[in-house]
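Colleague: I have a structure here, written as structure tokens, and I will follow up with some questions on it.
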Amino acid sequence: MKPAVALEGITQVYVTDSGASLAIDRISFSVAPGEFVSLVGPSGCGKTTVLSTIAGLIQPTQGTVKLFGEKVESPSEKVGYMLQQDYLFPWRTIWQNLMIGLELTGRLTGPHKEYASHLLEEIGLAGTEQLYPSQLSGGMRQRVALARTLATEPEVLLLDEPFSALDYQTKLQLEELLSHTLSIRGKTALLVTHDISEAVAMSDRVLIMGRNPGTIRREVVIPHEIREAAPLKAREHPQFHPLFHQIWRELESEERQEGEPDENGE
Ligand code: ADP
Ligand code: MG
């Protein structure tokens with residue numbers, strides 16, 4: 001089976017007034033259909049750059065991104081992108097917000113609207129259709145953003161720190177909801193997170209990135225028992241803490257090496 005997402009030697013150079021900088025350097029990895037992969041790494045290591053490249057929002061300086069074997073050259077309907085900020089339009093009702101993706105892709109049809117309505121119910125927000133975003137809590141708004149992302153039925157979800165602005169309790173609830181919602185639909189997901197325990201609890205695999213330039217330094221495969229468990233249960237598993245500490249140490253050693261001079265004393 002073709003991978004849902006495949007990155008082959010992706011390099012991104014950003015050119016600004018102060019010169020050119022190598023943001024990510026020859027990143028290659030793939031994600032199987034239905035797999036959940038997390039990207040962790042220090043701020044500025046290129047996590048968002050990787051997601052935006054997969055989304056077709058930026059063109060890589062070098063390398064190729066493929067979705068189900070097809071080269072990405074522009075944004076695709078196969079991809080849903082969800083960000084830390086919910087980006088709901090304040091002047092639109094919840095229902096109108098939910099419809100945006102369908103409007104933009106010319107799919108405001110009966111079955112699609114029905115599916116969106118079903119999603120709203122599934123995330124526990126039936127009855128909020130006529131409310132405005134300002135009338136909902138941060139957690140509720142982020143749930144609407146999730147339903148909106150799913151409403152266009154993307155095969156691949158790109159999630160850029162979607163829960164980092166939420167309080168801990170709400171974040172745990174949304175992890176459960178996201179994990180359940182994606183697994184029953186067999187969706188593929190790539191999650192960027194600062195939270196190591198979130199990465200371990202949600203993922204099949206965790207990719208650890210380092211910066212200057214951004215590369216993938218290591219891959220940690222999450223054992224079956226933890227993968228199969230819902231995120232809250234996964235956190236109680238005896239193997240959870242050893243994995244957490246392994247990833248924590250890897251990230252810490254990345255930070256340390258970064259501060260040290262290299263072999264040439266530079
Ligand atoms: P992360 O999401 O891991 O924090 P980013 O992908 O946002 O990292 O950024 C990686 C590097 O590229 C950083 O050094 C950042 O300053 C730089 N960068 C990101 N976007 C741009 C841009 N549009 N123009 C110039 N530099 C950028
Ligand atoms: Mg980022």
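Every chain in the structure tokens takes a letter, A first, then B, and so on in the order presented; its residues are numbered from 1, and the ligands are numbered from 1 following the presented order.
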Could you tell me, counting only C-alpha atoms and all ligand atoms, which protein and nucleic acid residues lie no more than 8 Å from ligand 2, written as a list in words?
Modeller: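 Those within range of ligand 2 are Ser43, Gly44, Gly46, Lys47, Thr48, Thr49, Asp160, Glu161 and Val192 of chain A.
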Colleague: Within 12 Å of ligand 1, counting only C-alpha atoms and all ligand atoms, which protein or nucleic acid residues do you find, written as a CSV table (one decimal) with all heavy atoms, in the first residue's frame?
Modeller:
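What follows is the written file out-v3.csv:
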```
chain,number,residue,atom,x,y,z
A,11,THR,N,14.0,19.9,1.8
A,11,THR,CA,14.8,21.0,2.3
A,11,THR,C,14.1,22.3,2.1
A,11,THR,O,13.4,22.5,1.0
A,11,THR,CB,16.2,21.0,1.5
A,11,THR,OG1,16.9,19.8,1.8
A,11,THR,CG2,17.0,22.2,1.9
A,12,GLN,N,14.1,23.2,3.1
A,12,GLN,CA,13.4,24.4,3.0
A,12,GLN,C,14.4,25.6,3.3
A,12,GLN,O,14.9,25.6,4.5
A,12,GLN,CB,12.2,24.5,3.8
A,12,GLN,CG,11.4,25.8,3.6
A,12,GLN,CD,10.8,25.9,2.2
A,12,GLN,OE1,10.2,25.0,1.7
A,12,GLN,NE2,11.0,27.0,1.6
A,13,VAL,N,14.7,26.4,2.4
A,13,VAL,CA,15.5,27.6,2.7
A,13,VAL,C,14.6,28.8,2.6
A,13,VAL,O,13.8,29.0,1.7
A,13,VAL,CB,16.6,27.8,1.6
A,13,VAL,CG1,17.4,29.0,1.8
A,13,VAL,CG2,17.5,26.6,1.6
A,14,TYR,N,14.6,29.6,3.7
A,14,TYR,CA,13.8,30.8,3.7
A,14,TYR,C,14.7,32.0,3.4
A,14,TYR,O,15.8,32.1,3.9
A,14,TYR,CB,13.2,31.1,5.1
A,14,TYR,CG,12.0,30.2,5.4
A,14,TYR,CD1,12.1,29.2,6.5
A,14,TYR,CD2,10.8,30.3,4.7
A,14,TYR,CE1,11.0,28.4,6.8
A,14,TYR,CE2,9.7,29.5,5.1
A,14,TYR,CZ,9.8,28.5,6.1
A,14,TYR,OH,8.7,27.8,6.4
A,15,VAL,N,14.2,32.8,2.5
A,15,VAL,CA,15.0,34.0,2.1
A,15,VAL,C,14.3,35.2,2.7
A,15,VAL,O,13.1,35.4,2.5
A,15,VAL,CB,15.1,34.1,0.6
A,15,VAL,CG1,16.0,35.3,0.2
A,15,VAL,CG2,15.8,32.8,0.0
A,16,THR,N,15.1,36.0,3.5
A,16,THR,CA,14.5,37.2,4.1
A,16,THR,C,15.5,38.3,3.8
A,16,THR,O,16.5,38.1,3.2
A,16,THR,CB,14.4,37.0,5.6
A,16,THR,OG1,15.7,36.8,6.2
A,16,THR,CG2,13.4,35.9,6.0
A,17,ASP,N,15.2,39.5,4.3
A,17,ASP,CA,16.0,40.7,4.1
A,17,ASP,C,17.4,40.4,4.6
A,17,ASP,O,18.4,40.9,4.1
A,17,ASP,CB,15.4,41.9,4.8
A,17,ASP,CG,14.1,42.3,4.1
A,17,ASP,OD1,13.9,41.9,3.0
A,17,ASP,OD2,13.3,43.1,4.7
A,18,SER,N,17.5,39.7,5.7
A,18,SER,CA,18.8,39.5,6.4
A,18,SER,C,19.6,38.3,5.8
A,18,SER,O,20.6,37.9,6.2
A,18,SER,CB,18.6,39.3,7.9
A,18,SER,OG,17.7,38.3,8.1
A,19,GLY,N,19.0,37.7,4.7
A,19,GLY,CA,19.7,36.6,4.0
A,19,GLY,C,18.9,35.3,4.0
A,19,GLY,O,17.7,35.3,4.2
A,20,ALA,N,19.6,34.2,3.6
A,20,ALA,CA,19.0,32.9,3.4
A,20,ALA,C,19.2,32.1,4.6
A,20,ALA,O,20.4,32.1,5.1
A,20,ALA,CB,19.5,32.3,2.2
A,21,SER,N,18.2,31.4,5.1
A,21,SER,CA,18.5,30.4,6.2
A,21,SER,C,17.9,29.1,5.9
A,21,SER,O,16.8,28.9,5.4
A,21,SER,CB,17.9,31.0,7.5
A,21,SER,OG,16.5,31.0,7.5
A,22,LEU,N,18.7,28.1,6.3
A,22,LEU,CA,18.3,26.7,6.1
A,22,LEU,C,17.4,26.3,7.2
A,22,LEU,O,17.8,26.0,8.3
A,22,LEU,CB,19.5,25.8,6.0
A,22,LEU,CG,19.4,24.3,5.8
A,22,LEU,CD1,18.7,24.1,4.4
A,22,LEU,CD2,20.7,23.6,5.8
A,23,ALA,N,16.0,26.2,7.0
A,23,ALA,CA,15.1,25.9,8.1
A,23,ALA,C,15.1,24.4,8.3
A,23,ALA,O,15.2,23.9,9.4
A,23,ALA,CB,13.7,26.4,7.7
A,24,ILE,N,14.9,23.6,7.2
A,24,ILE,CA,14.9,22.1,7.4
A,24,ILE,C,15.8,21.5,6.3
A,24,ILE,O,15.9,22.1,5.2
A,24,ILE,CB,13.5,21.5,7.4
A,24,ILE,CG1,12.7,21.9,6.1
A,24,ILE,CG2,12.7,21.8,8.6
A,24,ILE,CD1,11.4,21.1,6.0
A,25,ASP,N,16.5,20.5,6.7
A,25,ASP,CA,17.5,19.9,5.8
A,25,ASP,C,17.3,18.5,5.5
A,25,ASP,O,17.4,17.6,6.4
A,25,ASP,CB,18.9,20.1,6.5
A,25,ASP,CG,20.1,19.8,5.6
A,25,ASP,OD1,19.9,19.7,4.4
A,25,ASP,OD2,21.2,19.5,6.1
A,39,LEU,N,5.3,14.8,15.8
A,39,LEU,CA,6.6,15.5,15.7
A,39,LEU,C,6.8,16.3,16.9
A,39,LEU,O,6.0,17.1,17.3
A,39,LEU,CB,6.5,16.4,14.5
A,39,LEU,CG,6.6,16.0,13.1
A,39,LEU,CD1,6.4,17.2,12.1
A,39,LEU,CD2,7.9,15.3,12.8
A,40,VAL,N,8.0,16.0,17.6
A,40,VAL,CA,8.3,16.8,18.7
A,40,VAL,C,9.7,17.4,18.5
A,40,VAL,O,10.5,16.9,17.8
A,40,VAL,CB,8.3,16.1,20.1
A,40,VAL,CG1,6.9,15.5,20.4
A,40,VAL,CG2,9.3,14.9,20.1
A,41,GLY,N,10.0,18.6,19.1
A,41,GLY,CA,11.3,19.2,18.9
A,41,GLY,C,11.2,20.6,19.4
A,41,GLY,O,10.2,21.2,19.6
A,42,PRO,N,12.4,21.2,19.6
A,42,PRO,CA,12.5,22.6,20.1
A,42,PRO,C,11.8,23.6,19.2
A,42,PRO,O,11.7,23.3,18.0
A,42,PRO,CB,14.0,22.9,20.3
A,42,PRO,CG,14.6,21.9,19.4
A,42,PRO,CD,13.8,20.7,19.3
A,43,SER,N,11.4,24.7,19.8
A,43,SER,CA,10.9,25.8,19.0
A,43,SER,C,11.8,26.2,17.9
A,43,SER,O,13.0,26.3,18.1
A,43,SER,CB,10.6,26.9,20.0
A,43,SER,OG,10.0,27.9,19.4
A,44,GLY,N,11.3,26.4,16.7
A,44,GLY,CA,12.1,26.8,15.6
A,44,GLY,C,12.8,25.7,14.8
A,44,GLY,O,13.6,25.9,13.9
A,45,CYS,N,12.5,24.4,15.1
A,45,CYS,CA,13.2,23.3,14.4
A,45,CYS,C,12.6,23.0,13.1
A,45,CYS,O,13.1,22.1,12.4
A,45,CYS,CB,13.4,22.1,15.3
A,45,CYS,SG,11.8,21.2,15.6
A,46,GLY,N,11.5,23.6,12.8
A,46,GLY,CA,10.9,23.4,11.5
A,46,GLY,C,9.6,22.5,11.5
A,46,GLY,O,9.2,22.1,10.4
A,47,LYS,N,9.0,22.4,12.6
A,47,LYS,CA,7.8,21.5,12.6
A,47,LYS,C,6.7,22.1,11.8
A,47,LYS,O,6.0,21.4,11.0
A,47,LYS,CB,7.3,21.3,14.1
A,47,LYS,CG,8.4,20.7,15.0
A,47,LYS,CD,7.9,20.6,16.4
A,47,LYS,CE,7.6,21.9,17.2
A,47,LYS,NZ,8.7,22.8,17.4
A,48,THR,N,6.4,23.4,11.9
A,48,THR,CA,5.3,24.0,11.1
A,48,THR,C,5.7,24.0,9.7
A,48,THR,O,4.8,23.8,8.8
A,48,THR,CB,5.0,25.4,11.7
A,48,THR,OG1,4.6,25.3,13.0
A,48,THR,CG2,4.0,26.1,10.9
A,49,THR,N,7.0,24.2,9.4
A,49,THR,CA,7.4,24.2,8.0
A,49,THR,C,7.1,22.8,7.4
A,49,THR,O,6.6,22.8,6.2
A,49,THR,CB,8.9,24.5,7.9
A,49,THR,OG1,9.2,25.8,8.5
A,49,THR,CG2,9.5,24.4,6.5
A,50,VAL,N,7.4,21.8,8.1
A,50,VAL,CA,7.1,20.4,7.6
A,50,VAL,C,5.6,20.3,7.3
A,50,VAL,O,5.2,19.8,6.2
A,50,VAL,CB,7.5,19.3,8.6
A,50,VAL,CG1,7.0,18.0,8.2
A,50,VAL,CG2,9.1,19.3,8.7
A,51,LEU,N,4.7,20.7,8.2
A,51,LEU,CA,3.3,20.6,8.0
A,51,LEU,C,2.8,21.4,6.8
A,51,LEU,O,2.0,21.0,6.0
A,51,LEU,CB,2.5,20.9,9.2
A,51,LEU,CG,2.6,20.1,10.5
A,51,LEU,CD1,1.5,20.4,11.5
A,51,LEU,CD2,2.6,18.6,10.1
A,52,SER,N,3.3,22.6,6.7
A,52,SER,CA,2.9,23.5,5.6
A,52,SER,C,3.3,23.0,4.3
A,52,SER,O,2.7,23.2,3.3
A,52,SER,CB,3.5,24.9,5.8
A,52,SER,OG,3.0,25.5,7.1
A,53,THR,N,4.5,22.3,4.3
A,53,THR,CA,4.9,21.7,3.0
A,53,THR,C,4.0,20.6,2.6
A,53,THR,O,3.6,20.5,1.4
A,53,THR,CB,6.4,21.2,3.2
A,53,THR,OG1,7.2,22.3,3.7
A,53,THR,CG2,7.0,20.7,1.9
A,57,LEU,N,1.1,24.4,1.1
A,57,LEU,CA,1.0,25.8,1.3
A,57,LEU,C,2.3,26.5,0.9
A,57,LEU,O,2.4,27.6,0.5
A,57,LEU,CB,0.6,26.2,2.7
A,57,LEU,CG,-0.8,25.7,3.1
A,57,LEU,CD1,-1.0,25.9,4.6
A,57,LEU,CD2,-1.9,26.4,2.3
A,58,ILE,N,3.4,25.7,1.1
A,58,ILE,CA,4.7,26.2,0.7
A,58,ILE,C,5.4,25.1,-0.2
A,58,ILE,O,5.2,24.0,0.1
A,58,ILE,CB,5.7,26.7,1.8
A,58,ILE,CG1,5.9,25.6,2.8
A,58,ILE,CG2,5.1,27.9,2.5
A,58,ILE,CD1,6.9,25.9,3.9
A,59,GLN,N,6.2,25.6,-1.1
A,59,GLN,CA,6.9,24.6,-2.0
A,59,GLN,C,8.3,24.4,-1.4
A,59,GLN,O,9.0,25.4,-1.1
A,59,GLN,CB,7.0,25.2,-3.4
A,59,GLN,CG,5.7,25.3,-4.2
A,59,GLN,CD,5.0,24.0,-4.3
A,59,GLN,OE1,5.6,23.0,-4.6
A,59,GLN,NE2,3.7,23.9,-3.9
A,83,LEU,N,-5.0,24.2,13.4
A,83,LEU,CA,-4.0,25.0,14.1
A,83,LEU,C,-4.3,25.2,15.6
A,83,LEU,O,-5.4,25.0,16.1
A,83,LEU,CB,-3.8,26.4,13.4
A,83,LEU,CG,-3.6,26.3,11.9
A,83,LEU,CD1,-3.8,27.7,11.3
A,83,LEU,CD2,-2.2,25.8,11.6
A,84,GLN,N,-3.3,25.8,16.3
A,84,GLN,CA,-3.4,26.0,17.7
A,84,GLN,C,-4.6,27.0,18.0
A,84,GLN,O,-5.4,26.8,18.9
A,84,GLN,CB,-2.1,26.6,18.2
A,84,GLN,CG,-2.2,27.1,19.7
A,84,GLN,CD,-0.8,27.8,20.1
A,84,GLN,OE1,0.1,27.7,19.3
A,84,GLN,NE2,-0.8,28.3,21.2
A,159,LEU,N,-2.1,18.5,12.4
A,159,LEU,CA,-2.5,19.2,13.6
A,159,LEU,C,-1.3,19.9,14.3
A,159,LEU,O,-0.4,19.2,14.7
A,159,LEU,CB,-3.1,18.1,14.6
A,159,LEU,CG,-4.1,17.2,14.0
A,159,LEU,CD1,-4.1,15.8,14.6
A,159,LEU,CD2,-5.5,17.8,14.2
A,160,ASP,N,-1.3,21.2,14.2
A,160,ASP,CA,-0.2,22.0,14.7
A,160,ASP,C,-0.5,22.5,16.1
A,160,ASP,O,-1.1,23.6,16.2
A,160,ASP,CB,0.1,23.1,13.7
A,160,ASP,CG,1.6,23.6,13.9
A,160,ASP,OD1,2.2,23.3,14.9
A,160,ASP,OD2,2.0,24.4,13.1
A,161,GLU,N,0.0,21.8,17.1
A,161,GLU,CA,-0.3,22.1,18.5
A,161,GLU,C,-1.7,22.5,18.8
A,161,GLU,O,-2.0,23.6,19.3
A,161,GLU,CB,0.7,23.3,18.9
A,161,GLU,CG,2.1,23.0,18.6
A,161,GLU,CD,3.1,23.9,19.3
A,161,GLU,OE1,2.8,24.4,20.4
A,161,GLU,OE2,4.1,24.3,18.6
A,191,LEU,N,0.7,15.0,14.1
A,191,LEU,CA,0.5,15.9,15.2
A,191,LEU,C,1.8,16.6,15.7
A,191,LEU,O,2.8,15.9,15.9
A,191,LEU,CB,-0.1,15.2,16.4
A,191,LEU,CG,-0.2,16.0,17.7
A,191,LEU,CD1,-1.3,17.0,17.7
A,191,LEU,CD2,-0.4,15.0,18.9
A,192,VAL,N,1.8,17.9,15.7
A,192,VAL,CA,3.0,18.6,16.3
A,192,VAL,C,2.6,19.0,17.7
A,192,VAL,O,1.5,19.5,17.9
A,192,VAL,CB,3.2,19.9,15.5
A,192,VAL,CG1,4.1,20.9,16.2
A,192,VAL,CG2,3.9,19.6,14.1
A,193,THR,N,3.4,18.7,18.6
A,193,THR,CA,3.1,19.0,20.0
A,193,THR,C,4.4,19.3,20.8
A,193,THR,O,5.5,18.8,20.5
A,193,THR,CB,2.3,17.9,20.7
A,193,THR,OG1,2.1,18.2,22.0
A,193,THR,CG2,3.0,16.5,20.7
A,194,HIS,N,4.3,20.1,21.8
A,194,HIS,CA,5.4,20.4,22.8
A,194,HIS,C,5.3,19.4,23.9
A,194,HIS,O,6.2,19.3,24.7
A,194,HIS,CB,5.2,21.8,23.4
A,194,HIS,CG,5.9,22.8,22.6
A,194,HIS,ND1,5.2,23.9,22.1
A,194,HIS,CD2,7.1,23.0,22.2
A,194,HIS,CE1,6.0,24.7,21.4
A,194,HIS,NE2,7.2,24.1,21.4
A,208,ILE,N,11.5,12.7,16.6
A,208,ILE,CA,12.1,13.7,17.4
A,208,ILE,C,13.0,14.6,16.5
A,208,ILE,O,13.9,14.0,15.8
A,208,ILE,CB,13.0,13.1,18.5
A,208,ILE,CG1,12.1,12.2,19.4
A,208,ILE,CG2,13.7,14.2,19.3
A,208,ILE,CD1,12.9,11.4,20.4
A,209,MET,N,12.7,15.9,16.5
A,209,MET,CA,13.5,16.8,15.6
A,209,MET,C,14.5,17.6,16.4
A,209,MET,O,14.4,17.8,17.6
A,209,MET,CB,12.6,17.7,14.9
A,209,MET,CG,11.7,17.0,13.8
A,209,MET,SD,10.6,18.2,13.0
A,209,MET,CE,11.8,19.1,12.0
A,210,GLY,N,15.6,18.0,15.7
A,210,GLY,CA,16.6,18.9,16.3
A,210,GLY,C,16.6,20.1,15.4
A,210,GLY,O,16.1,20.1,14.2
A,211,ARG,N,17.3,21.2,15.8
A,211,ARG,CA,17.3,22.4,15.0
A,211,ARG,C,18.7,22.8,14.5
A,211,ARG,O,19.7,22.3,15.0
A,211,ARG,CB,16.6,23.5,15.7
A,211,ARG,CG,17.3,24.0,16.9
A,211,ARG,CD,16.5,25.1,17.6
A,211,ARG,NE,16.9,25.2,19.0
A,211,ARG,CZ,16.2,25.8,19.9
A,211,ARG,NH1,15.0,26.3,19.7
A,211,ARG,NH2,16.7,25.9,21.1
A,212,ASN,N,18.7,23.8,13.7
A,212,ASN,CA,19.9,24.4,13.1
A,212,ASN,C,20.8,23.4,12.4
A,212,ASN,O,21.9,23.2,12.8
A,212,ASN,CB,20.7,25.1,14.2
A,212,ASN,CG,19.9,26.3,14.8
A,212,ASN,OD1,19.2,27.0,14.1
A,212,ASN,ND2,20.1,26.5,16.1
A,213,PRO,N,20.4,22.9,11.3
A,213,PRO,CA,19.1,23.0,10.7
A,213,PRO,C,18.2,21.9,11.2
A,213,PRO,O,18.6,21.0,11.9
A,213,PRO,CB,19.5,22.8,9.2
A,213,PRO,CG,20.6,21.8,9.3
A,213,PRO,CD,21.4,22.1,10.5
A,214,GLY,N,16.9,22.1,10.9
A,214,GLY,CA,15.9,21.1,11.3
A,214,GLY,C,16.0,19.8,10.6
A,214,GLY,O,16.0,19.7,9.4
A,215,THR,N,16.2,18.7,11.4
A,215,THR,CA,16.3,17.4,10.8
A,215,THR,C,15.6,16.5,11.8
A,215,THR,O,15.3,16.8,12.9
A,215,THR,CB,17.7,16.9,10.7
A,215,THR,OG1,18.3,17.0,12.0
A,215,THR,CG2,18.5,17.6,9.7
A,216,ILE,N,15.3,15.3,11.3
A,216,ILE,CA,14.7,14.2,12.2
A,216,ILE,C,15.9,13.5,12.8
A,216,ILE,O,16.7,13.0,12.1
A,216,ILE,CB,13.9,13.2,11.4
A,216,ILE,CG1,12.8,13.9,10.6
A,216,ILE,CG2,13.3,12.2,12.4
A,216,ILE,CD1,11.5,14.0,11.1
```
Colleague: Would you write out, as CSV, a table of all residues in segment 134-181 of chain A that have an atom no more than 12 Å from an atom of segment 75-82 of chain A, listing for each the closest atom pair and the distance in Å to one decimal, considering only C-alpha atoms and ordering rows by chain and rising residue number?
Modeller:
```
residue,atom,partner,partner_atom,distance
A:Gln142,CA,A:Met82,CA,9.2
A:Arg143,CA,A:Met82,CA,10.7
A:Val144,CA,A:Met82,CA,10.9
A:Ala145,CA,A:Met82,CA,7.2
A:Leu146,CA,A:Met82,CA,7.1
A:Ala147,CA,A:Met82,CA,10.2
A:Arg148,CA,A:Gly80,CA,9.1
A:Thr149,CA,A:Gly80,CA,5.5
A:Leu150,CA,A:Gly80,CA,7.1
A:Ala151,CA,A:Gly80,CA,9.3
A:Thr152,CA,A:Glu77,CA,7.6
A:Glu153,CA,A:Lys78,CA,7.6
A:Pro154,CA,A:Lys78,CA,4.5
A:Glu155,CA,A:Lys78,CA,5.1
A:Val156,CA,A:Val79,CA,4.9
A:Leu157,CA,A:Gly80,CA,4.8
A:Leu158,CA,A:Tyr81,CA,4.7
A:Leu159,CA,A:Met82,CA,4.9
A:Asp160,CA,A:Met82,CA,6.2
A:Glu161,CA,A:Met82,CA,8.4
A:Pro162,CA,A:Met82,CA,6.5
A:Phe163,CA,A:Met82,CA,10.1
A:Leu178,CA,A:Met82,CA,11.8
```
Colleague: Could you please take those selected residues and save N, CA and C atoms as a PDB file, in the first residue's frame?
Modeller:
```pdb
ATOM      1  N   GLN A 142     -12.412  24.881  20.036  1.00  0.00           N
ATOM      2  CA  GLN A 142     -11.436  24.004  19.403  1.00  0.00           C
ATOM      3  C   GLN A 142     -12.115  22.717  18.908  1.00  0.00           C
ATOM      4  N   ARG A 143     -13.178  22.307  19.603  1.00  0.00           N
ATOM      5  CA  ARG A 143     -13.941  21.140  19.131  1.00  0.00           C
ATOM      6  C   ARG A 143     -14.668  21.469  17.826  1.00  0.00           C
ATOM      7  N   VAL A 144     -15.187  22.701  17.739  1.00  0.00           N
ATOM      8  CA  VAL A 144     -15.825  23.118  16.487  1.00  0.00           C
ATOM      9  C   VAL A 144     -14.782  23.122  15.363  1.00  0.00           C
ATOM     10  N   ALA A 145     -13.574  23.604  15.694  1.00  0.00           N
ATOM     11  CA  ALA A 145     -12.513  23.635  14.680  1.00  0.00           C
ATOM     12  C   ALA A 145     -12.185  22.214  14.208  1.00  0.00           C
ATOM     13  N   LEU A 146     -12.219  21.263  15.134  1.00  0.00           N
ATOM     14  CA  LEU A 146     -11.977  19.864  14.759  1.00  0.00           C
ATOM     15  C   LEU A 146     -13.091  19.362  13.826  1.00  0.00           C
ATOM     16  N   ALA A 147     -14.343  19.642  14.195  1.00  0.00           N
ATOM     17  CA  ALA A 147     -15.468  19.208  13.354  1.00  0.00           C
ATOM     18  C   ALA A 147     -15.379  19.864  11.978  1.00  0.00           C
ATOM     19  N   ARG A 148     -14.992  21.143  11.949  1.00  0.00           N
ATOM     20  CA  ARG A 148     -14.880  21.839  10.669  1.00  0.00           C
ATOM     21  C   ARG A 148     -13.802  21.186   9.796  1.00  0.00           C
ATOM     22  N   THR A 149     -12.677  20.802  10.448  1.00  0.00           N
ATOM     23  CA  THR A 149     -11.604  20.151   9.697  1.00  0.00           C
ATOM     24  C   THR A 149     -12.072  18.812   9.139  1.00  0.00           C
ATOM     25  N   LEU A 150     -12.864  18.084   9.942  1.00  0.00           N
ATOM     26  CA  LEU A 150     -13.320  16.757   9.504  1.00  0.00           C
ATOM     27  C   LEU A 150     -14.466  16.816   8.498  1.00  0.00           C
ATOM     28  N   ALA A 151     -15.186  17.956   8.483  1.00  0.00           N
ATOM     29  CA  ALA A 151     -16.403  18.064   7.662  1.00  0.00           C
ATOM     30  C   ALA A 151     -16.128  17.861   6.175  1.00  0.00           C
ATOM     31  N   THR A 152     -14.934  18.229   5.721  1.00  0.00           N
ATOM     32  CA  THR A 152     -14.613  18.070   4.296  1.00  0.00           C
ATOM     33  C   THR A 152     -14.075  16.665   4.008  1.00  0.00           C
ATOM     34  N   GLU A 153     -14.094  15.809   5.042  1.00  0.00           N
ATOM     35  CA  GLU A 153     -13.636  14.426   4.924  1.00  0.00           C
ATOM     36  C   GLU A 153     -12.227  14.269   4.355  1.00  0.00           C
ATOM     37  N   PRO A 154     -11.247  14.963   4.975  1.00  0.00           N
ATOM     38  CA  PRO A 154      -9.863  14.785   4.531  1.00  0.00           C
ATOM     39  C   PRO A 154      -9.361  13.399   4.946  1.00  0.00           C
ATOM     40  N   GLU A 155      -8.425  12.859   4.184  1.00  0.00           N
ATOM     41  CA  GLU A 155      -7.829  11.566   4.532  1.00  0.00           C
ATOM     42  C   GLU A 155      -6.711  11.748   5.550  1.00  0.00           C
ATOM     43  N   VAL A 156      -6.040  12.912   5.449  1.00  0.00           N
ATOM     44  CA  VAL A 156      -4.875  13.171   6.291  1.00  0.00           C
ATOM     45  C   VAL A 156      -5.126  14.421   7.120  1.00  0.00           C
ATOM     46  N   LEU A 157      -4.917  14.327   8.436  1.00  0.00           N
ATOM     47  CA  LEU A 157      -5.054  15.506   9.297  1.00  0.00           C
ATOM     48  C   LEU A 157      -3.697  15.991   9.756  1.00  0.00           C
ATOM     49  N   LEU A 158      -3.460  17.290   9.576  1.00  0.00           N
ATOM     50  CA  LEU A 158      -2.236  17.907  10.066  1.00  0.00           C
ATOM     51  C   LEU A 158      -2.651  18.767  11.246  1.00  0.00           C
ATOM     52  N   LEU A 159      -2.071  18.498  12.413  1.00  0.00           N
ATOM     53  CA  LEU A 159      -2.515  19.161  13.638  1.00  0.00           C
ATOM     54  C   LEU A 159      -1.325  19.881  14.268  1.00  0.00           C
ATOM     55  N   ASP A 160      -1.332  21.202  14.208  1.00  0.00           N
ATOM     56  CA  ASP A 160      -0.195  21.979  14.705  1.00  0.00           C
ATOM     57  C   ASP A 160      -0.498  22.517  16.103  1.00  0.00           C
ATOM     58  N   GLU A 161      -0.049  21.797  17.110  1.00  0.00           N
ATOM     59  CA  GLU A 161      -0.269  22.150  18.510  1.00  0.00           C
ATOM     60  C   GLU A 161      -1.720  22.542  18.781  1.00  0.00           C
ATOM     61  N   PRO A 162      -2.666  21.670  18.414  1.00  0.00           N
ATOM     62  CA  PRO A 162      -4.075  22.079  18.471  1.00  0.00           C
ATOM     63  C   PRO A 162      -4.604  22.290  19.887  1.00  0.00           C
ATOM     64  N   PHE A 163      -3.912  21.722  20.883  1.00  0.00           N
ATOM     65  CA  PHE A 163      -4.456  21.798  22.249  1.00  0.00           C
ATOM     66  C   PHE A 163      -3.620  22.664  23.174  1.00  0.00           C
ATOM     67  N   LEU A 178     -10.359  13.325  19.940  1.00  0.00           N
ATOM     68  CA  LEU A 178      -9.630  13.273  18.667  1.00  0.00           C
ATOM     69  C   LEU A 178      -9.199  11.844  18.358  1.00  0.00           C
TER      70      LEU A 178
END
```
Colleague: Could you find all residues in segment 93-211 of chain A that DSSP calls strand (DSSP E or B) from the backbone, and write them as a ChimeraX atom specification?
Modeller: /A:156-160,188-192,205-210
Colleague: So that I can see what lies close to Thr64 of chain A, please list as a short mmCIF file (atom, residue, chain, number, x, y, z; two decimals) with N, CA and C atoms, in the first residue's frame the residues with an atom at most 7 Å from it, counting only C-alpha atoms and leaving out residues fewer than 5 positions away in the same chain.
Modeller:
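And here is the file that came out, result32.cif:
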```cif
data_model
loop_
_atom_site.label_atom_id
_atom_site.label_comp_id
_atom_site.auth_asym_id
_atom_site.auth_seq_id
_atom_site.Cartn_x
_atom_site.Cartn_y
_atom_site.Cartn_z
N LEU A 7 7.63 12.05 2.56
CA LEU A 7 8.54 13.17 2.33
C LEU A 7 9.86 12.58 1.86
N GLU A 8 10.35 13.10 0.76
CA GLU A 8 11.62 12.59 0.21
C GLU A 8 12.61 13.73 0.10
N GLY A 9 13.53 13.78 1.05
CA GLY A 9 14.61 14.77 1.00
C GLY A 9 14.15 16.22 0.98
N ILE A 10 13.22 16.54 1.87
CA ILE A 10 12.66 17.90 1.88
C ILE A 10 13.62 18.90 2.55
N LYS A 71 2.36 13.46 -6.23
CA LYS A 71 3.17 14.60 -5.83
C LYS A 71 2.29 15.79 -5.45
#
```
Colleague: I need the residues of segment 67-235 of chain A that end up classed as alpha helix (DSSP H) by DSSP on the backbone, written out as a VMD selection string.
Modeller: chain A and resid 94 to 98 100 to 104 110 to 122 138 to 151 168 to 185 196 to 202 224 to 228 231 to 234
Colleague: Would you kindly return, as a PyMOL selection string, each protein, DNA or RNA residue with an atom no farther than 10 Å from any atom of Arg185 of chain A, considering only C-alpha atoms and excluding same-chain residues fewer than 2 positions away?
Modeller: chain A and resi 34+153+155+180-183+187-188
Colleague: May I have the residues from that selection written out with C-alpha atoms, as a compact mmCIF listing (two decimals), in the first residue's frame?
Modeller:
```txt
# COMPACT_ATOMS: atom_id res chain seq x y z
CA GLY A 34 -4.37 5.17 9.36
CA GLU A 153 -13.64 14.43 4.92
CA GLU A 155 -7.83 11.57 4.53
CA HIS A 180 -11.57 8.17 19.09
CA THR A 181 -12.86 10.24 16.17
CA LEU A 182 -9.81 9.52 14.00
CA SER A 183 -9.45 5.85 14.83
CA LYS A 187 -7.73 8.67 9.30
CA THR A 188 -4.03 9.39 9.06
```
